[in-house]
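Shown next: coords01.cif, given as mmCIF, C-alpha atoms and all ligand atoms.
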data_upload
loop_
_atom_site.label_atom_id
_atom_site.label_comp_id
_atom_site.auth_asym_id
_atom_site.auth_seq_id
_atom_site.Cartn_x
_atom_site.Cartn_y
_atom_site.Cartn_z
CA MET E 1 0.00 0.00 0.00
CA ILE E 2 1.38 3.39 -1.02
CA THR E 3 1.35 5.95 1.72
CA SER E 4 2.12 9.60 1.78
CA GLU E 5 3.96 11.46 4.48
CA ARG E 6 1.10 13.90 4.55
CA ALA E 7 -1.61 11.26 5.05
CA PRO E 8 -3.52 12.22 8.20
CA ALA E 9 -2.92 9.90 11.14
CA ILE E 10 -6.46 10.52 12.26
CA ALA E 11 -7.75 8.21 9.50
CA ILE E 12 -6.39 5.16 11.31
CA ARG E 13 -7.86 6.24 14.61
CA GLU E 14 -11.28 6.75 13.05
CA ARG E 15 -11.26 3.24 11.57
CA TYR E 16 -10.17 1.82 14.88
CA GLN E 17 -13.00 3.61 16.61
CA GLU E 18 -15.47 2.21 14.07
CA VAL E 19 -14.31 -1.33 14.77
CA MET E 20 -14.60 -0.83 18.51
CA SER E 21 -18.00 0.91 18.47
CA ASP E 22 -21.27 -0.95 19.06
CA ARG E 23 -23.10 1.58 16.97
CA TRP E 24 -24.62 0.58 13.65
CA PRO E 25 -23.10 2.42 10.67
CA VAL E 26 -26.13 4.60 9.97
CA ILE E 27 -28.38 6.17 12.61
CA VAL E 28 -31.67 7.68 11.48
CA ARG E 29 -33.33 10.38 13.57
CA PRO E 30 -36.98 9.95 14.56
CA GLN E 31 -39.36 12.35 12.81
CA PRO E 32 -42.24 14.27 14.47
CA ASP E 33 -45.05 11.91 15.58
CA GLU E 34 -43.25 8.95 13.98
CA LEU E 35 -44.32 5.43 14.92
CA LEU E 36 -41.59 3.30 16.47
CA SER E 37 -42.11 0.64 13.78
CA SER E 38 -41.70 3.21 11.00
CA TRP E 39 -38.41 4.39 12.48
CA ALA E 40 -37.23 0.76 12.84
CA HIS E 41 -38.00 0.10 9.15
CA ARG E 42 -36.07 3.22 8.09
CA LEU E 43 -33.19 2.25 10.33
CA ALA E 44 -33.09 -1.22 8.76
CA PHE E 45 -33.13 0.16 5.21
CA ALA E 46 -30.41 2.73 5.97
CA ASN E 47 -28.18 -0.06 7.24
CA GLY E 48 -28.81 -2.29 4.26
CA VAL E 49 -31.09 -4.84 5.92
CA ALA E 50 -34.59 -5.73 4.66
CA PRO E 51 -37.29 -5.28 7.35
CA ARG E 52 -38.11 -8.99 7.68
CA SER E 53 -34.45 -9.83 8.35
CA PHE E 54 -34.14 -6.86 10.70
CA GLY E 55 -36.95 -8.37 12.80
CA ARG E 56 -34.70 -11.39 13.36
CA VAL E 57 -31.83 -9.09 14.41
CA LEU E 58 -34.14 -7.82 17.17
CA GLY E 59 -35.08 -11.35 18.23
CA PHE E 60 -38.47 -11.70 16.52
CA SER E 61 -39.33 -14.83 14.56
CA ALA E 62 -41.77 -13.43 11.97
CA GLY E 63 -45.26 -12.00 11.69
CA MET E 64 -46.16 -8.41 12.49
CA TRP E 65 -43.01 -7.94 14.55
CA SER E 66 -42.74 -4.16 14.20
CA ALA E 67 -46.44 -3.54 14.83
CA SER E 68 -46.07 -5.69 17.94
CA LEU E 69 -43.06 -3.62 18.98
CA ASP E 70 -45.24 -0.48 18.83
CA MET E 71 -47.77 -2.04 21.18
CA ASN E 72 -45.62 -4.06 23.55
CA PHE E 73 -42.25 -2.31 23.57
CA GLN E 74 -40.46 -5.64 24.12
CA THR E 75 -37.49 -5.04 26.44
CA ASP E 76 -34.91 -7.23 24.64
CA ALA E 77 -35.56 -5.63 21.25
CA ILE E 78 -35.60 -2.13 22.71
CA ASN E 79 -32.28 -2.73 24.48
CA ILE E 80 -30.71 -3.75 21.17
CA LEU E 81 -32.08 -0.67 19.42
CA THR E 82 -30.95 1.77 22.07
CA ALA E 83 -27.49 0.15 22.43
CA HIS E 84 -26.80 0.25 18.68
CA THR E 85 -28.26 3.67 17.88
CA GLY E 86 -27.62 5.65 21.07
CA ILE E 87 -31.21 6.92 20.97
CA PRO E 88 -32.38 6.96 24.59
CA LEU E 89 -35.08 4.59 25.78
CA PRO E 90 -37.56 7.35 26.79
CA ARG E 91 -37.40 8.72 23.24
CA LEU E 92 -38.21 5.29 21.81
CA PHE E 93 -40.98 4.85 24.37
CA ALA E 94 -42.59 8.13 23.27
CA MET E 95 -42.75 6.73 19.72
CA SER E 96 -44.46 3.53 20.84
CA LEU E 97 -48.13 3.01 21.73
CA LYS E 98 -47.43 1.05 24.89
CA GLY E 99 -49.80 2.14 27.66
CA SER E 100 -51.59 4.59 25.37
CA PRO E 101 -54.79 5.93 26.95
CA LEU E 102 -56.25 5.81 23.43
CA LYS E 103 -55.54 2.08 23.13
CA ARG E 104 -59.20 1.19 22.56
CA LEU E 105 -59.25 3.45 19.50
CA LEU E 106 -56.24 1.81 17.86
CA LEU E 107 -56.90 -0.20 14.72
CA PRO E 108 -56.41 -3.92 15.48
CA LEU E 109 -53.38 -5.84 14.24
CA ARG E 110 -55.30 -8.03 11.83
CA ASP E 111 -56.78 -8.07 8.37
CA ASP E 112 -59.55 -10.45 7.39
CA GLY E 113 -59.30 -9.41 3.75
CA ARG E 114 -62.81 -7.96 3.53
CA ARG E 115 -63.19 -4.69 1.70
CA LEU E 116 -64.95 -2.88 4.53
CA SER E 117 -62.79 -4.29 7.34
CA SER E 118 -60.04 -2.39 9.09
CA THR E 119 -56.36 -2.82 8.48
CA TRP E 120 -53.87 -1.87 11.16
CA LEU E 121 -52.34 1.27 9.61
CA GLN E 122 -53.43 4.21 7.48
CA PHE E 123 -51.44 6.76 5.48
CA CYS E 124 -51.72 10.06 3.62
CA PRO E 125 -50.07 9.72 0.17
CA GLN E 126 -49.23 13.42 0.08
CA CYS E 127 -47.54 13.38 3.49
CA LEU E 128 -45.39 10.48 2.28
CA ALA E 129 -44.66 12.34 -0.96
CA GLU E 130 -43.51 15.46 0.90
CA ASP E 131 -41.35 13.67 3.46
CA ALA E 132 -37.62 13.72 2.80
CA GLN E 133 -37.65 10.17 4.20
CA PRO E 134 -41.26 8.93 4.07
CA TYR E 135 -42.53 7.76 7.44
CA PHE E 136 -45.73 6.62 9.15
CA ARG E 137 -47.34 8.70 11.89
CA ARG E 138 -48.62 7.50 15.27
CA GLN E 139 -51.99 9.18 14.71
CA TRP E 140 -52.53 7.07 11.56
CA ARG E 141 -53.12 4.09 13.87
CA LEU E 142 -56.30 5.67 15.32
CA ALA E 143 -59.73 4.62 14.07
CA THR E 144 -61.01 8.14 14.75
CA ARG E 145 -58.48 9.67 12.34
CA ILE E 146 -59.89 9.58 8.80
CA SER E 147 -58.34 12.62 7.13
CA CYS E 148 -55.06 14.51 6.87
CA PRO E 149 -55.28 17.97 8.45
CA HIS E 150 -52.39 19.23 6.31
CA HIS E 151 -53.52 18.05 2.91
CA ARG E 152 -57.29 18.10 3.55
CA CYS E 153 -57.75 14.67 2.00
CA GLY E 154 -58.91 11.30 3.23
CA LEU E 155 -56.42 8.77 4.59
CA ARG E 156 -55.99 5.41 2.87
CA ASP E 157 -55.45 1.99 4.44
CA ARG E 158 -54.70 -0.21 1.44
CA CYS E 159 -52.37 -0.27 -1.53
CA PRO E 160 -54.46 1.07 -4.45
CA SER E 161 -52.79 -1.38 -6.83
CA CYS E 162 -53.18 -4.76 -5.09
CA ARG E 163 -55.55 -3.81 -2.17
CA SER E 164 -53.10 -5.24 0.40
CA ARG E 165 -52.67 -3.68 3.83
CA ILE E 166 -49.41 -1.97 4.75
CA ALA E 167 -47.06 -4.84 5.61
CA VAL E 168 -43.54 -3.42 5.78
CA PHE E 169 -42.69 -5.89 8.57
CA GLY E 170 -42.85 -8.69 5.97
CA GLN E 171 -40.80 -6.87 3.30
CA LEU E 172 -38.06 -9.15 1.94
CA GLU E 173 -36.56 -6.65 -0.50
CA LEU E 174 -34.26 -3.78 0.35
CA VAL E 175 -36.61 -0.94 -0.59
CA PRO E 176 -37.92 2.05 1.40
CA GLN E 177 -41.10 1.48 3.38
CA HIS E 178 -43.37 3.54 1.12
CA PHE E 179 -43.32 0.78 -1.50
CA CYS E 180 -46.06 -1.84 -1.07
CA ALA E 181 -44.51 -5.03 0.31
CA ALA E 182 -46.87 -7.16 -1.79
CA CYS E 183 -46.66 -5.54 -5.25
CA GLY E 184 -44.03 -2.79 -5.07
CA PHE E 185 -46.45 0.09 -5.78
CA ASP E 186 -45.13 3.48 -4.64
CA LEU E 187 -47.71 4.58 -2.03
CA ARG E 188 -46.78 8.22 -2.62
CA ARG E 189 -48.51 7.92 -5.99
CA ALA E 190 -51.85 6.80 -4.53
CA SER E 191 -54.75 9.09 -5.38
CA THR E 192 -56.43 11.12 -2.63
CA SER E 193 -60.10 11.54 -1.82
CA PHE E 194 -61.92 14.81 -1.10
CA ILE E 195 -63.15 15.29 2.46
CA SER E 196 -65.49 18.22 3.14
CA PRO E 197 -64.41 20.94 5.62
CA LYS E 198 -67.23 19.96 7.99
CA ILE E 199 -66.08 16.36 8.18
CA ARG E 200 -62.43 17.36 8.59
CA SER E 201 -63.45 19.71 11.38
CA LEU E 202 -65.28 16.91 13.19
CA ASP E 203 -62.25 14.63 12.76
CA ARG E 204 -59.92 17.29 14.16
CA CYS E 205 -62.19 18.19 17.11
CA ILE E 206 -62.57 14.54 18.12
CA HIS E 207 -58.79 14.18 17.92
CA ASP E 208 -58.19 17.26 20.10
CA ILE E 209 -60.82 16.26 22.66
CA CYS E 210 -59.37 12.74 22.92
CA ARG E 211 -55.79 13.97 23.31
CA LEU E 212 -56.65 16.43 26.03
CA GLU E 213 -58.90 14.07 27.96
CA ALA E 214 -56.25 11.37 27.70
CA ILE E 215 -53.73 13.72 29.28
CA THR E 216 -56.03 14.92 32.05
CA GLY E 217 -57.11 11.35 32.79
CA SER E 218 -60.84 12.02 32.38
CA LEU E 219 -60.95 9.65 29.40
CA LEU E 220 -60.47 6.73 31.79
CA THR E 221 -63.67 7.50 33.69
CA ASN E 222 -66.10 9.05 31.22
CA SER E 223 -68.04 7.46 28.36
CA LEU E 224 -66.34 9.17 25.41
CA LEU E 225 -64.45 6.11 24.13
CA ARG E 226 -67.63 4.04 24.24
CA SER E 227 -69.48 6.69 22.23
CA LEU E 228 -66.72 6.92 19.64
CA LEU E 229 -66.52 3.16 19.18
CA ALA E 230 -70.30 3.08 18.68
CA ILE E 231 -70.27 5.71 15.89
CA PRO E 232 -71.11 3.19 13.07
CA ASP E 233 -74.19 2.05 14.99
CA PHE E 234 -75.12 5.51 16.24
CA CYS E 235 -75.07 7.11 12.77
CA GLY E 236 -77.05 4.19 11.34
CA GLN E 237 -74.46 3.33 8.68
CA TYR E 238 -73.25 -0.04 10.02
CA PRO E 239 -75.48 -1.29 12.87
CA MET E 240 -73.70 -3.23 15.65
CA LYS E 241 -70.26 -2.56 14.17
CA SER E 242 -67.39 -1.08 16.15
CA LEU E 243 -65.45 1.84 14.68
CA VAL E 244 -62.14 -0.05 14.95
CA SER E 245 -63.49 -2.92 12.83
CA LEU E 246 -64.10 -0.78 9.75
CA SER E 247 -61.91 0.25 6.83
CA THR E 248 -60.98 3.91 6.39
CA LEU E 249 -63.50 4.17 3.53
CA ALA E 250 -66.31 2.83 5.72
CA ARG E 251 -65.36 5.15 8.59
CA ILE E 252 -65.37 8.15 6.24
CA ARG E 253 -68.95 7.21 5.30
CA CYS E 254 -69.86 7.15 9.00
CA PHE E 255 -68.34 10.60 9.53
CA GLU E 256 -70.26 11.94 6.52
CA ARG E 257 -73.52 10.95 8.20
CA LEU E 258 -72.34 12.06 11.60
CA ALA E 259 -71.46 15.55 10.32
CA MET E 260 -75.10 16.06 9.33
CA ARG E 261 -76.21 15.74 12.96
CA PRO E 262 -75.88 18.18 15.88
CA ASN E 263 -72.78 17.58 18.01
CA ASP E 264 -74.73 16.99 21.24
CA TRP E 265 -73.71 13.32 21.34
CA LEU E 266 -70.07 14.41 21.53
CA ILE E 267 -70.53 17.26 24.02
CA GLU E 268 -72.76 15.62 26.62
CA ASP E 269 -71.06 14.37 29.78
CA ASP E 270 -71.95 14.00 33.45
CA ASP E 271 -69.12 16.37 34.30
CA ALA E 272 -70.11 19.96 33.44
CA VAL E 273 -66.47 21.04 33.07
CA VAL E 274 -65.84 18.30 30.52
CA ALA E 275 -68.96 19.31 28.55
CA LEU E 276 -67.86 22.97 28.61
CA TRP E 277 -64.39 22.03 27.43
CA ARG E 278 -65.71 19.99 24.52
CA ARG E 279 -68.09 22.77 23.50
CA ALA E 280 -65.16 25.22 23.55
CA ILE E 281 -63.08 22.99 21.25
CA LEU E 282 -65.96 22.45 18.83
CA SER E 283 -66.83 26.14 18.65
CA ALA E 284 -63.18 27.27 18.46
CA ASP E 285 -62.41 25.16 15.40
CA GLY E 286 -60.10 27.84 14.06
CA TYR E 287 -57.86 27.58 17.10
CA ALA E 288 -57.06 23.92 16.71
CA SER E 289 -53.37 24.68 16.29
CA LEU E 290 -53.34 26.30 19.71
CA ILE E 291 -55.05 23.28 21.24
CA GLY E 292 -52.53 21.09 19.45
CA LEU E 293 -49.62 23.03 20.94
CA LEU E 294 -51.19 22.86 24.37
CA ALA E 295 -51.68 19.12 24.05
CA ASN E 296 -48.12 18.65 22.75
CA ALA E 297 -46.69 20.53 25.72
CA LEU E 298 -48.76 18.50 28.17
CA GLU E 299 -47.85 15.24 26.47
CA ARG E 300 -44.14 16.07 26.73
CA LYS E 301 -44.72 16.71 30.42
CA ARG E 302 -46.47 13.33 30.78
CA LEU E 303 -43.57 11.50 29.13
CA ARG E 304 -41.06 13.13 31.47
CA LEU E 305 -42.79 11.48 34.42
CA ARG E 306 -41.35 8.31 35.87
CA PRO E 307 -43.05 5.11 34.61
CA GLU E 308 -44.78 4.43 37.92
CA LYS E 309 -46.36 7.86 37.77
CA ARG E 310 -47.21 7.76 34.10
CA ARG E 311 -50.87 6.94 34.53
CA GLN E 312 -51.56 9.79 36.87
CA PRO E 313 -53.19 12.84 35.31
CA THR E 314 -50.65 15.64 34.93
CA THR E 315 -53.18 18.40 35.37
CA GLU E 316 -56.81 19.02 36.17
CA LEU E 317 -59.22 19.61 33.32
CA SER E 318 -60.62 22.71 35.01
CA THR E 319 -57.10 24.22 35.18
CA LEU E 320 -56.61 23.45 31.50
CA LEU E 321 -59.91 25.03 30.60
CA THR E 322 -59.04 28.19 32.52
CA ALA E 323 -55.67 28.43 30.75
CA TYR E 324 -57.29 27.84 27.38
CA LEU E 325 -60.02 30.46 27.84
CA ARG E 326 -57.45 32.95 29.08
CA MET E 327 -55.42 32.49 25.90
CA MET E 328 -58.56 32.82 23.78
CA GLU E 329 -59.40 36.14 25.48
CA ASN E 330 -55.90 37.54 25.05
CA PRO E 331 -54.87 37.28 21.37
CA ARG E 332 -51.30 38.42 22.06
CA ARG E 333 -50.66 35.25 24.07
CA ARG E 334 -51.73 32.97 21.25
CA SER E 335 -48.37 33.26 19.60
CA ALA E 336 -46.48 32.04 22.65
CA PRO E 337 -48.31 28.95 23.80
CA ALA E 338 -45.46 26.56 24.67
CA GLU E 339 -46.03 25.76 28.35
CA PRO E 340 -49.53 25.72 29.83
CA ALA E 341 -50.33 27.57 33.03
CA ALA E 342 -50.87 24.19 34.68
ZN ZN E 401 -51.04 14.54 4.49
ZN ZN E 402 -49.64 -3.41 -3.51
#

As structure tokens, how would this structure be written, given the file I've shared?
Amino acid sequence: MITSERAPAIAIRERYQEVMSDRWPVIVRPQPDELLSSWAHRLAFANGVAPRSFGRVLGFSAGMWSASLDMNFQTDAINILTAHTGIPLPRLFAMSLKGSPLKRLLLPLRDDGRRLSSTWLQFCPQCLAEDAQPYFRRQWRLATRISCPHHRCGLRDRCPSCRSRIAVFGQLELVPQHFCAACGFDLRRASTSFISPKIRSLDRCIHDICRLEAITGSLLTNSLLRSLLAIPDFCGQYPMKSLVSLSTLARIRCFERLAMRPNDWLIEDDDAVVALWRRAILSADGYASLIGLLANALERKRLRLRPEKRRQPTTELSTLLTAYLRMMENPRRRSAPAEPAA
């Protein structure tokens, strides 16, 4: 090997460090609201391993290993991920759905192949198309989420080419996760459906109400989740069906019928403060971004708590409501919403 006197000695030290490090060659940073499974698939691809093989690296045999990781946060697999990427465990936990107060609204990890049945994950083709590295969001796992607030279109839950569900966990080829694992179709090219402003507003309000009541803990004691799950029956579109059992298309049909009714079913609650809070969110539709920021700040606070305290409400709903109304009354404070008064 020909060497030069001017060759930097540091090159040898860097190689030595690489050999000695436990870190995988490429580390990918989690994106905002990214699902743990989506990040794991991107990590696998960046390091030249197909998702199905990467599941074996983490100790899984087969099946929906990454979807299971989202739900169960298996310790052995998580220890491997954190040791080889340096991304701290609390950060990975925040990307998972383990212990989510919205667990009952999550789409089930199954697919019976019927056209109107749910699949486990939805996506917005335009979000994927705009991402520098396309990724799947946590909120796309919720049965109550039917549209994209950014692109004003309906979500999809199947490949438009072969009608398969999203099954990146079973991908044998080394391709990014936005290509259908069954037929190779680029999901970014999927067409989008129009969703009326009224239906999108209902979708967004339900999402905001759920997030805030999950954080305050009132969701555990009131009847909201039961009402949401019964939407297909309540709106008369699919009697006796649960919301989580239906495809995105079928749930959009339910929301279309629901939007024609008064919102009393959503507002009513035994607790007057809760009812007032819901009414405020529904009537302040234009301030959803503020509610989102408030919820984000509170959620960060929840995740900073130690695991044994995680289930405790971080603030009282009445305190939240007071803070919210105060911000609504004082427009100058709307631009600086980061930390709530609570
Ligand atoms: Zn989108
Ligand atoms: Zn396909």

Counting only C-alpha atoms and all ligand atoms, what are the residues of chain E within 6 Å of ligand ZN 402 (chain E), and for each of them which pair of atoms is the nearest and at what distance in Å, to one decimal? Sort the table by chain and rising number, as JSON lines.
{"residue": "E:Cys159", "atom": "CA", "partner": "E:ZN402", "partner_atom": "ZN", "distance": 4.6}
{"residue": "E:Ser161", "atom": "CA", "partner": "E:ZN402", "partner_atom": "ZN", "distance": 5.0}
{"residue": "E:Cys162", "atom": "CA", "partner": "E:ZN402", "partner_atom": "ZN", "distance": 4.1}
{"residue": "E:Ser164", "atom": "CA", "partner": "E:ZN402", "partner_atom": "ZN", "distance": 5.5}
{"residue": "E:Cys180", "atom": "CA", "partner": "E:ZN402", "partner_atom": "ZN", "distance": 4.6}
{"residue": "E:Ala182", "atom": "CA", "partner": "E:ZN402", "partner_atom": "ZN", "distance": 5.0}
{"residue": "E:Cys183", "atom": "CA", "partner": "E:ZN402", "partner_atom": "ZN", "distance": 4.1}
{"residue": "E:Gly184", "atom": "CA", "partner": "E:ZN402", "partner_atom": "ZN", "distance": 5.9}
{"residue": "E:Phe185", "atom": "CA", "partner": "E:ZN402", "partner_atom": "ZN", "distance": 5.3}

Problem - Cut-off 6 Å, all atoms listed in the file, neighbours of ligand ZN 401 (chain E) as number ranges by chain - result: E: 124, 126-127, 148, 150-151

Practice task
Find the spatial neighbours of Asp186 (chain E), counting all atoms listed in the file, within a cut-off of 10 Å - ignore same-chain residues fewer than 5 positions away - and output them as a PyMOL selection string.
Solution key: chain E and resi 125+128-129+159-161+176-181

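Residues surrounding region 98-106 of chain E within 7 Å are Asp70, Met71, Asn72, Phe73, Arg141, Leu142, Ala143, Thr144, Ala214 and Val244 of chain E [only C-alpha atoms; sequence separation below 3 positions excluded].
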
Handout entry: Selection: 12 Å around Arg226 (chain E), all atoms listed in the file, excl. self and same-chain fewer than 3 positions, as an NGL selection string
Key = :E and (102 or 104-105 or 219-223 or 229-234 or 242-244 or 265-266)

Handout entry: For Val49 (chain E): contacts at 12 Å, all atoms listed in the file, fewer than 3 positions along chain excluded, given as a PyMOL selection string
Key = chain E and resi 24-26+40-46+52-57+169+171-176

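The two atoms in question, CA of Arg188 (chain E) and CA of Ser245 (chain E), are spaced 25.3 Å apart.
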
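Closest approach to Ile209 (chain E) from the set E:Asp22, E:Glu34, E:Asp285, E:Asp76 is made by E:Asp285, with distances taken over all atoms listed in the file.
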
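Atom pair CA of Thr75 (chain E) / CA of Pro30 (chain E) has a distance of 19.1 Å (rounded to one decimal).
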
Exercise for the section: Kindly indicate which residue among E:Leu116, E:Ser201, E:Asp270, E:Ser283 lies nearest to Lys241 (chain E), using all atoms listed in the file for the distances. Expected result: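 Among the listed residues, E:Leu116 lies closest to Lys241 (chain E).
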
Completion exercise
A straight line from CA of Arg114 (chain E) to CA of Met64 (chain E) spans 18.9 Å

Handout entry: Best match for closeness to Ser227 (chain E) among E:Leu107, E:Cys210, E:Leu282, E:Leu249, counting all atoms listed in the file
Key =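 For Ser227 (chain E), the nearest of the candidates is E:Cys210.
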